[in-house]
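Chemist: Data file my_file_31.tsv (TSV, C-alpha atoms) is appended below.
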chain	number	residue	atom	x	y	z
A	214	MET	CA	117.45	-46.94	-123.67
A	215	ILE	CA	121.15	-47.50	-123.14
A	216	LEU	CA	122.02	-44.34	-125.04
A	217	ALA	CA	119.74	-42.50	-122.62
A	218	MET	CA	121.77	-43.89	-119.72
A	219	HIS	CA	124.54	-41.50	-120.70
A	220	ALA	CA	122.21	-38.67	-119.74
A	221	GLY	CA	121.90	-40.49	-116.43
A	222	PHE	CA	125.67	-40.54	-115.99
A	223	ALA	CA	125.73	-36.81	-116.78
A	224	PHE	CA	123.05	-35.77	-114.30
A	225	LEU	CA	124.33	-38.10	-111.58
A	226	GLU	CA	127.71	-36.38	-111.82
A	227	LEU	CA	126.16	-32.91	-112.18
A	228	GLY	CA	124.16	-33.37	-108.99
A	229	THR	CA	127.13	-34.72	-107.03
A	230	VAL	CA	129.85	-32.19	-107.90
A	231	ARG	CA	129.97	-28.60	-106.66
A	232	LYS	CA	128.15	-25.96	-108.71
A	233	LYS	CA	131.38	-24.59	-110.19
A	234	ASN	CA	131.91	-27.92	-111.97
A	235	GLN	CA	128.40	-28.72	-113.23
A	236	VAL	CA	128.86	-27.54	-116.82
A	237	ASN	CA	132.05	-29.57	-117.10
A	238	ALA	CA	130.20	-32.70	-115.96
A	239	LEU	CA	127.65	-32.32	-118.75
A	240	VAL	CA	130.21	-31.50	-121.44
A	241	LYS	CA	132.53	-34.38	-120.53
A	242	ILE	CA	129.89	-37.06	-120.89
A	243	LEU	CA	128.71	-35.87	-124.31
A	244	THR	CA	132.23	-35.30	-125.65
A	245	ASP	CA	133.47	-38.63	-124.33
A	246	PHE	CA	130.57	-40.38	-126.06
A	247	ALA	CA	131.51	-38.73	-129.36
A	248	VAL	CA	135.19	-39.66	-128.97
A	249	SER	CA	134.12	-43.20	-128.04
A	250	GLY	CA	132.07	-43.42	-131.22
A	251	ILE	CA	135.10	-42.64	-133.36
A	252	ALA	CA	137.48	-44.90	-131.42
A	253	TYR	CA	135.09	-47.85	-131.34
A	254	PHE	CA	134.06	-47.51	-135.00
A	255	PHE	CA	137.57	-47.41	-136.41
A	256	ILE	CA	139.51	-49.48	-133.86
A	257	GLY	CA	137.61	-50.99	-130.94
A	258	TYR	CA	134.80	-52.90	-132.65
A	259	PRO	CA	137.07	-54.34	-135.35
A	260	LEU	CA	139.57	-55.34	-132.64
A	261	ALA	CA	136.93	-57.10	-130.53
A	262	TYR	CA	134.83	-58.69	-133.28
A	263	GLY	CA	136.91	-58.65	-136.46
A	264	VAL	CA	134.29	-56.60	-138.31
A	265	ASP	CA	135.07	-53.36	-140.12
A	266	PHE	CA	132.89	-50.91	-142.01
A	267	TRP	CA	134.99	-50.24	-145.11
A	268	SER	CA	132.56	-52.02	-147.44
A	269	GLY	CA	130.02	-50.15	-149.56
A	270	ALA	CA	126.70	-49.11	-148.08
A	271	GLN	CA	124.89	-51.84	-150.03
A	272	THR	CA	127.00	-54.49	-148.30
A	273	LEU	CA	126.64	-52.84	-144.91
A	274	ALA	CA	122.84	-52.73	-145.29
A	275	ALA	CA	122.62	-56.48	-145.99
A	276	HIS	CA	120.57	-58.47	-143.48
A	277	ASN	CA	118.92	-55.21	-142.38
A	278	GLY	CA	122.32	-53.84	-141.36
A	279	TYR	CA	122.41	-56.12	-138.32
A	280	GLU	CA	126.13	-55.63	-137.79
A	281	LEU	CA	125.63	-51.85	-137.79
A	282	VAL	CA	122.84	-52.10	-135.22
A	283	ARG	CA	125.01	-54.42	-133.13
A	284	PHE	CA	127.84	-51.90	-133.33
A	285	PHE	CA	125.51	-49.12	-132.14
A	286	PHE	CA	124.28	-51.29	-129.28
A	287	LEU	CA	127.77	-52.30	-128.15
A	288	LEU	CA	129.08	-48.74	-128.56
A	289	THR	CA	126.68	-47.65	-125.82
A	290	PHE	CA	128.38	-50.25	-123.60
A	291	ALA	CA	131.89	-49.19	-124.61
A	292	ALA	CA	131.16	-45.50	-124.04
A	293	ALA	CA	130.09	-46.33	-120.49
A	294	ILE	CA	133.79	-46.82	-119.65
A	295	PRO	CA	134.77	-43.09	-119.85
A	296	ALA	CA	131.38	-42.11	-118.42
A	297	ILE	CA	132.19	-44.21	-115.34
A	298	VAL	CA	135.73	-42.82	-115.09
A	299	SER	CA	134.42	-39.25	-115.42
A	300	GLY	CA	132.67	-39.45	-112.06
A	301	GLY	CA	135.81	-40.50	-110.23
A	302	ILE	CA	138.11	-37.79	-111.64
A	303	ALA	CA	135.56	-34.96	-111.44
A	304	GLU	CA	136.41	-31.41	-110.33
A	305	ARG	CA	140.16	-31.43	-110.97
A	306	ALA	CA	140.89	-33.17	-114.30
A	307	LYS	CA	141.88	-31.38	-117.48
A	308	PHE	CA	139.39	-31.65	-120.30
A	309	HIS	CA	141.32	-32.61	-123.45
A	310	PRO	CA	143.72	-35.13	-121.85
A	311	GLN	CA	140.61	-36.99	-120.67
A	312	SER	CA	139.34	-37.05	-124.26
A	313	VAL	CA	142.65	-38.56	-125.37
A	314	ALA	CA	142.42	-41.14	-122.59
A	315	THR	CA	138.90	-42.00	-123.73
A	316	PHE	CA	140.15	-42.69	-127.25
A	317	PHE	CA	142.74	-45.21	-126.07
A	318	LEU	CA	140.52	-46.82	-123.45
A	319	VAL	CA	137.60	-47.38	-125.82
A	320	GLY	CA	139.81	-48.10	-128.82
A	321	LEU	CA	142.25	-50.52	-127.20
A	322	VAL	CA	141.95	-51.42	-123.50
A	323	TYR	CA	138.23	-52.18	-123.28
A	324	PRO	CA	137.87	-54.06	-126.60
A	325	PHE	CA	140.94	-56.17	-125.82
A	326	PHE	CA	139.15	-57.68	-122.80
A	327	GLU	CA	135.76	-57.56	-124.53
A	328	GLY	CA	137.14	-59.66	-127.38
A	329	ILE	CA	138.55	-62.23	-124.96
A	330	MET	CA	135.31	-62.74	-123.04
A	331	TRP	CA	132.61	-61.98	-125.59
A	332	ASN	CA	134.27	-63.17	-128.80
A	333	ASN	CA	136.51	-66.02	-127.61
A	334	HIS	CA	139.85	-64.37	-128.40
A	335	LEU	CA	143.14	-65.94	-127.26
A	336	GLY	CA	141.46	-69.24	-126.36
A	337	VAL	CA	140.74	-68.19	-122.76
A	338	GLN	CA	137.09	-69.22	-122.83
A	339	ALA	CA	137.92	-72.57	-124.41
A	340	TRP	CA	140.54	-73.21	-121.72
A	341	LEU	CA	138.12	-72.33	-118.93
A	342	THR	CA	135.51	-74.64	-120.42
A	343	HIS	CA	138.02	-77.48	-120.68
A	344	GLN	CA	139.32	-77.00	-117.13
A	345	PHE	CA	136.13	-76.21	-115.24
A	346	GLY	CA	133.26	-77.34	-117.43
A	347	ALA	CA	131.94	-73.88	-118.32
A	348	ALA	CA	133.19	-70.66	-119.85
A	349	PHE	CA	133.24	-67.31	-118.07
A	350	HIS	CA	129.66	-66.02	-118.09
A	351	ASP	CA	128.90	-62.31	-118.17
A	352	PHE	CA	125.53	-61.84	-119.79
A	353	ALA	CA	125.32	-58.02	-119.59
A	354	GLY	CA	128.69	-56.80	-118.41
A	355	SER	CA	129.13	-56.80	-114.62
A	356	VAL	CA	132.81	-57.42	-115.30
A	357	VAL	CA	133.34	-56.66	-118.99
A	358	VAL	CA	131.79	-53.19	-118.69
A	359	HIS	CA	131.34	-52.12	-115.07
A	360	ALA	CA	134.30	-53.68	-113.29
A	361	VAL	CA	136.56	-52.64	-116.17
A	362	GLY	CA	135.31	-49.05	-115.94
A	363	GLY	CA	135.58	-48.98	-112.15
A	364	TRP	CA	139.14	-50.30	-111.99
A	365	ILE	CA	140.26	-47.96	-114.76
A	366	GLY	CA	138.62	-45.19	-112.73
A	367	LEU	CA	140.61	-46.16	-109.65
A	368	ALA	CA	143.85	-46.00	-111.66
A	369	ALA	CA	142.93	-42.53	-112.93
A	370	VAL	CA	142.04	-41.28	-109.44
A	371	LEU	CA	145.33	-42.55	-108.01
A	372	HIS	CA	147.26	-40.66	-110.71
A	373	LEU	CA	145.29	-37.46	-110.15
A	374	GLY	CA	145.32	-37.37	-106.36
A	375	ALA	CA	142.69	-35.76	-104.15
A	376	ARG	CA	140.98	-32.45	-104.83
A	377	ARG	CA	142.82	-29.56	-103.18
A	378	GLY	CA	141.48	-28.94	-99.71
A	379	ARG	CA	139.70	-32.29	-99.49
A	380	TYR	CA	142.10	-33.59	-96.83
A	381	ASN	CA	144.40	-31.46	-94.70
A	382	ARG	CA	147.71	-32.30	-93.06
A	383	ASN	CA	146.03	-33.10	-89.74
A	384	GLY	CA	143.97	-35.79	-91.33
A	385	GLN	CA	140.77	-33.80	-91.22
A	386	ILE	CA	138.28	-34.16	-94.06
A	387	ALA	CA	136.58	-31.22	-95.76
A	388	ALA	CA	133.11	-32.24	-96.83
A	389	HIS	CA	131.99	-31.47	-100.38
A	390	PRO	CA	128.24	-32.23	-100.23
A	391	PRO	CA	126.26	-32.81	-103.44
A	392	SER	CA	125.25	-29.60	-105.18
A	393	SER	CA	121.81	-30.85	-106.22
A	394	ILE	CA	120.03	-33.87	-104.81
A	395	PRO	CA	117.21	-33.47	-107.40
A	396	PHE	CA	119.69	-33.69	-110.30
A	397	LEU	CA	121.49	-36.59	-108.60
A	398	ALA	CA	118.15	-38.37	-108.24
A	399	LEU	CA	117.23	-37.63	-111.86
A	400	GLY	CA	120.50	-39.15	-113.02
A	401	ALA	CA	119.94	-42.25	-110.90
A	402	TRP	CA	116.40	-42.72	-112.25
A	403	ILE	CA	117.49	-42.33	-115.88
A	404	LEU	CA	120.15	-44.97	-115.29
A	405	ILE	CA	117.67	-47.30	-113.56
A	406	VAL	CA	115.16	-47.14	-116.40
A	407	GLY	CA	117.82	-47.48	-119.10
A	408	TRP	CA	119.37	-50.44	-117.30
A	409	PHE	CA	116.44	-52.65	-118.27
A	410	GLY	CA	117.50	-52.11	-121.88
A	411	PHE	CA	121.11	-52.68	-120.87
A	412	ASN	CA	120.31	-56.06	-119.30
A	413	VAL	CA	117.28	-57.40	-121.16
A	414	MET	CA	118.54	-56.53	-124.64
A	415	SER	CA	121.95	-58.05	-123.99
A	416	ALA	CA	120.41	-61.08	-125.69
A	417	GLN	CA	121.06	-58.99	-128.86
A	418	ARG	CA	118.21	-60.72	-130.69
A	419	ALA	CA	114.47	-60.33	-130.18
A	420	GLY	CA	114.05	-64.08	-129.85
A	421	GLY	CA	116.46	-64.17	-126.92
A	422	ILE	CA	114.61	-61.67	-124.73
A	423	SER	CA	113.77	-63.14	-121.32
A	424	GLY	CA	111.42	-61.93	-118.63
A	425	LEU	CA	113.73	-63.64	-116.13
A	426	VAL	CA	116.40	-61.04	-116.89
A	427	ALA	CA	113.91	-58.22	-116.31
A	428	ILE	CA	112.66	-59.59	-112.98
A	429	ASN	CA	116.17	-60.39	-111.76
A	430	SER	CA	117.23	-56.83	-112.61
A	431	LEU	CA	114.23	-55.52	-110.69
A	432	MET	CA	114.93	-57.64	-107.61
A	433	ALA	CA	118.60	-56.65	-107.52
A	434	MET	CA	117.63	-53.01	-107.89
A	435	VAL	CA	115.16	-53.02	-105.00
A	436	GLY	CA	117.56	-55.02	-102.85
A	437	GLY	CA	120.35	-52.53	-103.43
A	438	THR	CA	118.04	-49.61	-102.68
A	439	LEU	CA	116.68	-50.95	-99.40
A	440	ILE	CA	120.00	-52.07	-97.94
A	441	ALA	CA	121.61	-48.74	-98.89
A	442	MET	CA	118.79	-46.98	-97.04
A	443	VAL	CA	119.45	-49.03	-93.91
A	444	VAL	CA	123.25	-49.17	-93.94
A	445	GLY	CA	123.54	-45.62	-95.25
A	446	LYS	CA	121.22	-44.29	-92.52
A	447	ASP	CA	118.76	-42.66	-94.93
A	448	ASP	CA	121.43	-40.65	-96.75
A	449	PRO	CA	119.88	-39.68	-100.12
A	450	GLY	CA	123.18	-40.08	-101.95
A	451	PHE	CA	123.48	-43.67	-100.78
A	452	ILE	CA	119.81	-44.43	-101.42
A	453	HIS	CA	120.06	-43.27	-105.04
A	454	ASN	CA	123.31	-45.18	-105.65
A	455	GLY	CA	122.05	-48.34	-103.96
A	456	PRO	CA	119.88	-49.44	-106.90
A	457	LEU	CA	122.79	-48.80	-109.26
A	458	ALA	CA	125.02	-51.04	-107.15
A	459	GLY	CA	122.45	-53.82	-107.34
A	460	LEU	CA	122.05	-53.41	-111.09
A	461	VAL	CA	125.81	-53.44	-111.67
A	462	ALA	CA	126.13	-56.68	-109.75
A	463	VAL	CA	123.22	-58.54	-111.36
A	464	CYS	CA	124.32	-57.90	-114.97
A	465	ALA	CA	126.56	-60.96	-115.21
A	466	GLY	CA	124.10	-63.57	-114.00
A	467	SER	CA	120.75	-61.94	-114.69
A	468	ASP	CA	119.89	-64.66	-117.21
A	469	VAL	CA	120.77	-67.63	-114.99
A	470	MET	CA	119.78	-66.67	-111.42
A	471	HIS	CA	116.54	-67.21	-109.54
A	472	PRO	CA	114.91	-63.89	-108.52
A	473	LEU	CA	115.65	-64.59	-104.85
A	474	GLY	CA	119.29	-65.04	-105.76
A	475	ALA	CA	119.20	-61.74	-107.62
A	476	LEU	CA	117.69	-60.08	-104.54
A	477	MET	CA	120.57	-61.38	-102.43
A	478	VAL	CA	123.10	-60.16	-105.00
A	479	GLY	CA	121.53	-56.69	-104.83
A	480	LEU	CA	121.50	-56.63	-101.04
A	481	VAL	CA	125.19	-57.48	-100.83
A	482	ALA	CA	126.09	-54.98	-103.56
A	483	GLY	CA	124.21	-52.10	-101.90
A	484	ALA	CA	125.91	-52.77	-98.58
A	485	LEU	CA	129.31	-53.11	-100.25
A	486	PHE	CA	128.93	-49.74	-101.93
A	487	VAL	CA	128.02	-47.86	-98.75
A	488	TRP	CA	130.80	-49.47	-96.73
A	489	LEU	CA	133.53	-49.12	-99.33
A	490	PHE	CA	132.57	-45.57	-100.33
A	491	THR	CA	132.91	-44.54	-96.68
A	492	LEU	CA	136.17	-46.48	-96.33
A	493	THR	CA	137.83	-45.04	-99.43
A	494	GLN	CA	136.76	-41.46	-98.74
A	495	ASN	CA	137.30	-41.27	-95.00
A	496	LYS	CA	139.91	-43.89	-94.11
A	497	LEU	CA	141.98	-44.50	-97.23
A	498	LYS	CA	141.57	-40.86	-98.39
A	499	ILE	CA	141.09	-41.86	-102.02
A	500	ASP	CA	139.12	-38.97	-103.50
A	501	ASP	CA	136.87	-40.91	-105.86
A	502	VAL	CA	134.17	-38.25	-106.18
A	503	LEU	CA	131.20	-40.39	-107.25
A	504	GLY	CA	132.53	-43.62	-105.77
A	505	VAL	CA	133.01	-45.27	-109.15
A	506	TRP	CA	135.47	-47.84	-107.81
A	507	PRO	CA	133.15	-49.23	-105.11
A	508	LEU	CA	130.04	-48.86	-107.28
A	509	HIS	CA	131.29	-50.25	-110.58
A	510	GLY	CA	134.68	-51.78	-109.77
A	511	VAL	CA	133.86	-53.75	-106.63
A	512	CYS	CA	130.15	-54.40	-107.24
A	513	GLY	CA	131.08	-55.51	-110.75
A	514	VAL	CA	133.58	-57.98	-109.29
A	515	TRP	CA	130.94	-59.20	-106.85
A	516	GLY	CA	128.51	-59.67	-109.72
A	517	GLY	CA	130.99	-61.69	-111.75
A	518	VAL	CA	131.69	-64.04	-108.85
A	519	ALA	CA	128.04	-64.15	-107.74
A	520	ALA	CA	126.97	-65.46	-111.15
A	521	GLY	CA	129.04	-68.55	-110.40
A	522	VAL	CA	127.27	-69.00	-107.07
A	523	PHE	CA	123.61	-68.07	-107.57
A	524	GLY	CA	123.55	-69.42	-111.13
A	525	GLN	CA	124.03	-72.97	-109.81
A	526	HIS	CA	121.15	-75.47	-109.84
A	527	ALA	CA	121.54	-75.96	-106.09
A	528	LEU	CA	120.51	-72.33	-105.49
A	529	GLY	CA	117.66	-72.33	-107.98
A	530	GLY	CA	119.71	-71.12	-110.93
A	531	MET	CA	119.79	-72.29	-114.54
A	532	GLY	CA	123.20	-73.96	-114.21
A	533	GLY	CA	125.86	-73.99	-116.88
A	534	VAL	CA	128.23	-71.81	-114.86
A	535	SER	CA	131.44	-72.52	-112.97
A	536	PHE	CA	132.58	-70.68	-109.86
A	537	MET	CA	136.25	-71.06	-110.80
A	538	SER	CA	135.68	-69.78	-114.32
A	539	GLN	CA	133.83	-66.79	-112.90
A	540	LEU	CA	136.60	-66.09	-110.41
A	541	ILE	CA	139.41	-66.36	-112.96
A	542	GLY	CA	137.58	-64.34	-115.61
A	543	THR	CA	136.76	-61.63	-113.09
A	544	LEU	CA	140.35	-61.40	-111.86
A	545	MET	CA	141.52	-61.14	-115.47
A	546	GLY	CA	139.19	-58.18	-115.94
A	547	VAL	CA	140.57	-56.46	-112.86
A	548	VAL	CA	144.22	-56.94	-113.88
A	549	ILE	CA	143.79	-55.94	-117.53
A	550	SER	CA	141.66	-52.88	-116.78
A	551	PHE	CA	143.70	-51.54	-113.88
A	552	ALA	CA	147.00	-52.10	-115.70
A	553	GLY	CA	145.66	-50.61	-118.93
A	554	GLY	CA	144.12	-47.63	-117.17
A	555	TYR	CA	147.21	-47.00	-115.08
A	556	ALA	CA	149.39	-47.07	-118.21
A	557	VAL	CA	147.15	-44.74	-120.23
A	558	TYR	CA	146.76	-42.15	-117.48
A	559	GLY	CA	150.39	-42.49	-116.42
A	560	LEU	CA	151.64	-41.73	-119.92
A	561	LEU	CA	149.28	-38.77	-120.29
A	562	LYS	CA	150.34	-37.46	-116.90
A	563	LYS	CA	153.97	-37.39	-118.02
A	564	ALA	CA	153.25	-36.09	-121.51
A	565	VAL	CA	150.68	-33.33	-120.98
A	566	GLY	CA	149.54	-33.46	-117.35
A	567	LEU	CA	146.16	-34.51	-116.01
A	568	ARG	CA	145.24	-31.88	-113.41
A	569	LEU	CA	144.03	-28.34	-113.51
A	570	ASP	CA	146.41	-25.97	-111.75
A	571	GLU	CA	145.56	-24.64	-108.30
A	572	GLU	CA	143.88	-21.44	-109.49
A	573	GLU	CA	141.87	-23.24	-112.17
A	574	GLU	CA	140.65	-25.81	-109.69
A	575	TYR	CA	139.73	-23.09	-107.19
A	576	ASN	CA	137.73	-21.20	-109.83
A	577	GLY	CA	136.13	-24.43	-111.00
A	578	ALA	CA	136.29	-26.36	-114.25
A	579	ASP	CA	133.29	-24.48	-115.65
A	580	LEU	CA	134.98	-21.08	-115.75
A	581	SER	CA	138.52	-22.38	-116.21
A	582	ILE	CA	137.72	-24.64	-119.19
A	583	HIS	CA	134.37	-23.62	-120.65
A	584	LYS	CA	134.33	-19.90	-119.72
A	585	ILE	CA	130.77	-20.07	-118.39
A	586	THR	CA	129.01	-21.36	-115.29
A	587	ALA	CA	125.78	-23.27	-114.80
A	588	THR	CA	124.17	-20.06	-113.51
A	589	PRO	CA	125.64	-17.21	-115.62
A	590	GLU	CA	122.75	-14.88	-114.83
A	591	ARG	CA	123.90	-14.76	-111.19
A	592	GLU	CA	127.40	-13.66	-112.16
A	593	ALA	CA	125.99	-11.05	-114.55
A	594	ALA	CA	123.70	-9.70	-111.83
A	595	ASN	CA	126.61	-9.37	-109.43
A	596	GLY	CA	128.84	-7.61	-111.97
A	597	PHE	CA	131.26	-10.52	-112.53
Write out the structure in this file as structure tokens.
Modeler:
Amino acid sequence: MILAMHAGFAFLELGTVRKKNQVNALVKILTDFAVSGIAYFFIGYPLAYGVDFWSGAQTLAAHNGYELVRFFFLLTFAAAIPAIVSGGIAERAKFHPQSVATFFLVGLVYPFFEGIMWNNHLGVQAWLTHQFGAAFHDFAGSVVVHAVGGWIGLAAVLHLGARRGRYNRNGQIAAHPPSSIPFLALGAWILIVGWFGFNVMSAQRAGGISGLVAINSLMAMVGGTLIAMVVGKDDPGFIHNGPLAGLVAVCAGSDVMHPLGALMVGLVAGALFVWLFTLTQNKLKIDDVLGVWPLHGVCGVWGGVAAGVFGQHALGGMGGVSFMSQLIGTLMGVVISFAGGYAVYGLLKKAVGLRLDEEEEYNGADLSIHKITATPEREAANGF
């Protein structure tokens, strides 16, 4: 189910970008997943969990190959990092430098923080437990996956700058409406369905599966959808991203919240996404094409903090969480991911460049990089 979510990332981006960049959207997601598989297998997973795969197949297959299955499961999380970033840098980024960035992000930056929070590296979790009575809790990755991806995405977008023609010298904004609402909606629905595997199976063992996680995911999803409809004034782009905002935010505390708490988390997340997407695009003029920073970066932060609020017994939660631990752990995720992303993209910018040149961007990434468009029969019919 989580592997299928990468098809959701692909179609969400395909439906949002202009037609001259649709092929590139599809190719990036698949290629980035493949690069992530190599980086995580050889570097990232061993870095985060101290497990390597250099033993013989007989050893690897012991205990039904549980460690291999766990690697596959967690790879689908790790590969979400470049899939998230891809949406922010769409329509003007070079292809191969992004693949190189993916290798370092999934091989080093992401597993460094993953190991701290999900495998007790560097003693951070022990210190939080000693100081505040509970470790940082992120059941399914509001912070470890989504906030990390969103803040890396912001760093990449800042390095790239806006698409040419998006903002002019007079401060006017050139609209680039979605190329296909049906494909955008398809991507959102694939992500929604896959997310129940993302959240529920974060228990990582059949005996740990909880219906509470499923219902909390559902309530956050519907809350995000409905508030995005209201605040976004029926805009289909907002309505289809609203449930994703809710699901991002509920990941961290989906196993400890009451369903009403999860509904509130989703409502806040959906509203945050609509407001911040509008702010970044129109006021701050940060050309984050799919809004990956507000959707994953900010809603992920909200989810990390919200777990420390709505997970408390006083609000119907399971308890065992600390607001201060959640706040500190979340801020650590923001700092490590933004700094790591800024360094990776900054070095690549100096070494090989990140952007397509003006003519390539005008022609579109499909023709400039892949030498074909999403509708080649049209060009053939017109003699191009």
Chemist: Write out as an MDAnalysis selection string which residues come within 12 Å of segment 410-420 of chain A when counting all atoms listed in the file, dropping same-chain ones fewer than 5 positions away.
Modeler: chainID A and resid 214:219 279:280 282:291 293 331 351:355 358:359 403:405 425:431 433 460:468
Chemist: Would you pick out the contacts of Pro259 of chain A at 12 Å or less, using only C-alpha atoms, so that residues sharing its chain but fewer than 6 positions from it are not included, and give the list as a list in words?
Modeler: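 The contact residues come out as Ala252, Tyr253, Asp265, Phe266, Trp267, Glu280, Leu281, Phe284, Leu287, Leu288, Val319, Gly320, Leu321, Pro324, Phe325, Glu327, Gly328 and Asn332 of chain A.
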Chemist: Which neighbours of Ala348 of chain A fall inside 12 Å, counting all atoms listed in the file, when residues of the same chain fewer than 5 positions from it are skipped, and could you give them as an MDAnalysis selection string?
Modeler: chainID A and resid 329:333 336:343 520:521 532:543
Chemist: When you look at Leu473 of chain A with a cut-off of 9 Å (counting only C-alpha atoms), what residues show up, excluding the ones that are within fewer than 2 positions of it in the same chain? I need them as a list in words.
Modeler: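 Non-adjacent residues within range: Asn429, Met432, Ala433, Met470, His471, Ala475, Leu476, Met477, Val478 and Gly529 of chain A.
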Chemist: Find the nearest atom pair between each residue of segment 363-462 of chain A and segment 566-590 of chain A for residues within 9 Å, count only C-alpha atoms, give distances in Å to one decimal, sort rows by chain and ascending number, and present the table as CSV.
Modeler:
residue,atom,partner,partner_atom,distance
A:His372,CA,A:Leu567,CA,8.2
A:Leu373,CA,A:Arg568,CA,6.5
A:Gly374,CA,A:Arg568,CA,8.9
A:Arg376,CA,A:Glu574,CA,8.2
A:Arg377,CA,A:Glu571,CA,7.6
Chemist: Would you mind reading off the distance between atom CA of Ala220 of chain A and atom CA of Val361 of chain A, one decimal, in Å?
Modeler: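 We find that atom CA of Ala220 of chain A and atom CA of Val361 of chain A lie 20.3 Å from each other.
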Chemist: Grab segment 262-300 of chain A from that structure and dump C-alpha atoms to a file, as a PDB file, in the first residue's frame.
Modeler:
ATOM      1  CA  TYR A 262      19.465   0.602  12.376  1.00  0.00           C
ATOM      2  CA  GLY A 263      22.941  -0.927  12.328  1.00  0.00           C
ATOM      3  CA  VAL A 264      21.819  -3.758  10.046  1.00  0.00           C
ATOM      4  CA  ASP A 265      23.553  -4.615   6.783  1.00  0.00           C
ATOM      5  CA  PHE A 266      22.834  -7.215   4.124  1.00  0.00           C
ATOM      6  CA  TRP A 267      26.308  -8.615   3.455  1.00  0.00           C
ATOM      7  CA  SER A 268      25.499 -12.011   4.976  1.00  0.00           C
ATOM      8  CA  GLY A 269      24.581 -15.030   2.867  1.00  0.00           C
ATOM      9  CA  ALA A 270      21.026 -15.527   1.684  1.00  0.00           C
ATOM     10  CA  GLN A 271      20.497 -18.337   4.212  1.00  0.00           C
ATOM     11  CA  THR A 272      21.242 -15.929   7.057  1.00  0.00           C
ATOM     12  CA  LEU A 273      19.129 -13.171   5.542  1.00  0.00           C
ATOM     13  CA  ALA A 274      16.162 -15.549   5.182  1.00  0.00           C
ATOM     14  CA  ALA A 275      16.252 -16.515   8.875  1.00  0.00           C
ATOM     15  CA  HIS A 276      13.118 -15.670  10.837  1.00  0.00           C
ATOM     16  CA  ASN A 277      11.225 -15.425   7.536  1.00  0.00           C
ATOM     17  CA  GLY A 278      13.544 -12.623   6.418  1.00  0.00           C
ATOM     18  CA  TYR A 279      11.895 -10.189   8.831  1.00  0.00           C
ATOM     19  CA  GLU A 280      14.739  -7.690   8.596  1.00  0.00           C
ATOM     20  CA  LEU A 281      14.424  -7.702   4.794  1.00  0.00           C
ATOM     21  CA  VAL A 282      10.679  -7.085   4.984  1.00  0.00           C
ATOM     22  CA  ARG A 283      11.288  -4.320   7.512  1.00  0.00           C
ATOM     23  CA  PHE A 284      13.832  -2.774   5.169  1.00  0.00           C
ATOM     24  CA  PHE A 285      11.312  -2.849   2.301  1.00  0.00           C
ATOM     25  CA  PHE A 286       8.658  -1.275   4.519  1.00  0.00           C
ATOM     26  CA  LEU A 287      10.934   1.495   5.784  1.00  0.00           C
ATOM     27  CA  LEU A 288      12.349   2.112   2.303  1.00  0.00           C
ATOM     28  CA  THR A 289       8.876   3.179   1.181  1.00  0.00           C
ATOM     29  CA  PHE A 290       9.010   5.776   3.977  1.00  0.00           C
ATOM     30  CA  ALA A 291      12.524   6.914   3.091  1.00  0.00           C
ATOM     31  CA  ALA A 292      11.710   7.250  -0.608  1.00  0.00           C
ATOM     32  CA  ALA A 293       8.856   9.579   0.306  1.00  0.00           C
ATOM     33  CA  ILE A 294      11.481  12.258   1.058  1.00  0.00           C
ATOM     34  CA  PRO A 295      12.513  12.880  -2.605  1.00  0.00           C
ATOM     35  CA  ALA A 296       8.921  12.305  -3.730  1.00  0.00           C
ATOM     36  CA  ILE A 297       7.851  15.171  -1.462  1.00  0.00           C
ATOM     37  CA  VAL A 298      10.718  17.400  -2.614  1.00  0.00           C
ATOM     38  CA  SER A 299       9.903  16.669  -6.269  1.00  0.00           C
ATOM     39  CA  GLY A 300       6.601  18.507  -6.038  1.00  0.00           C
TER      40      GLY A 300
END
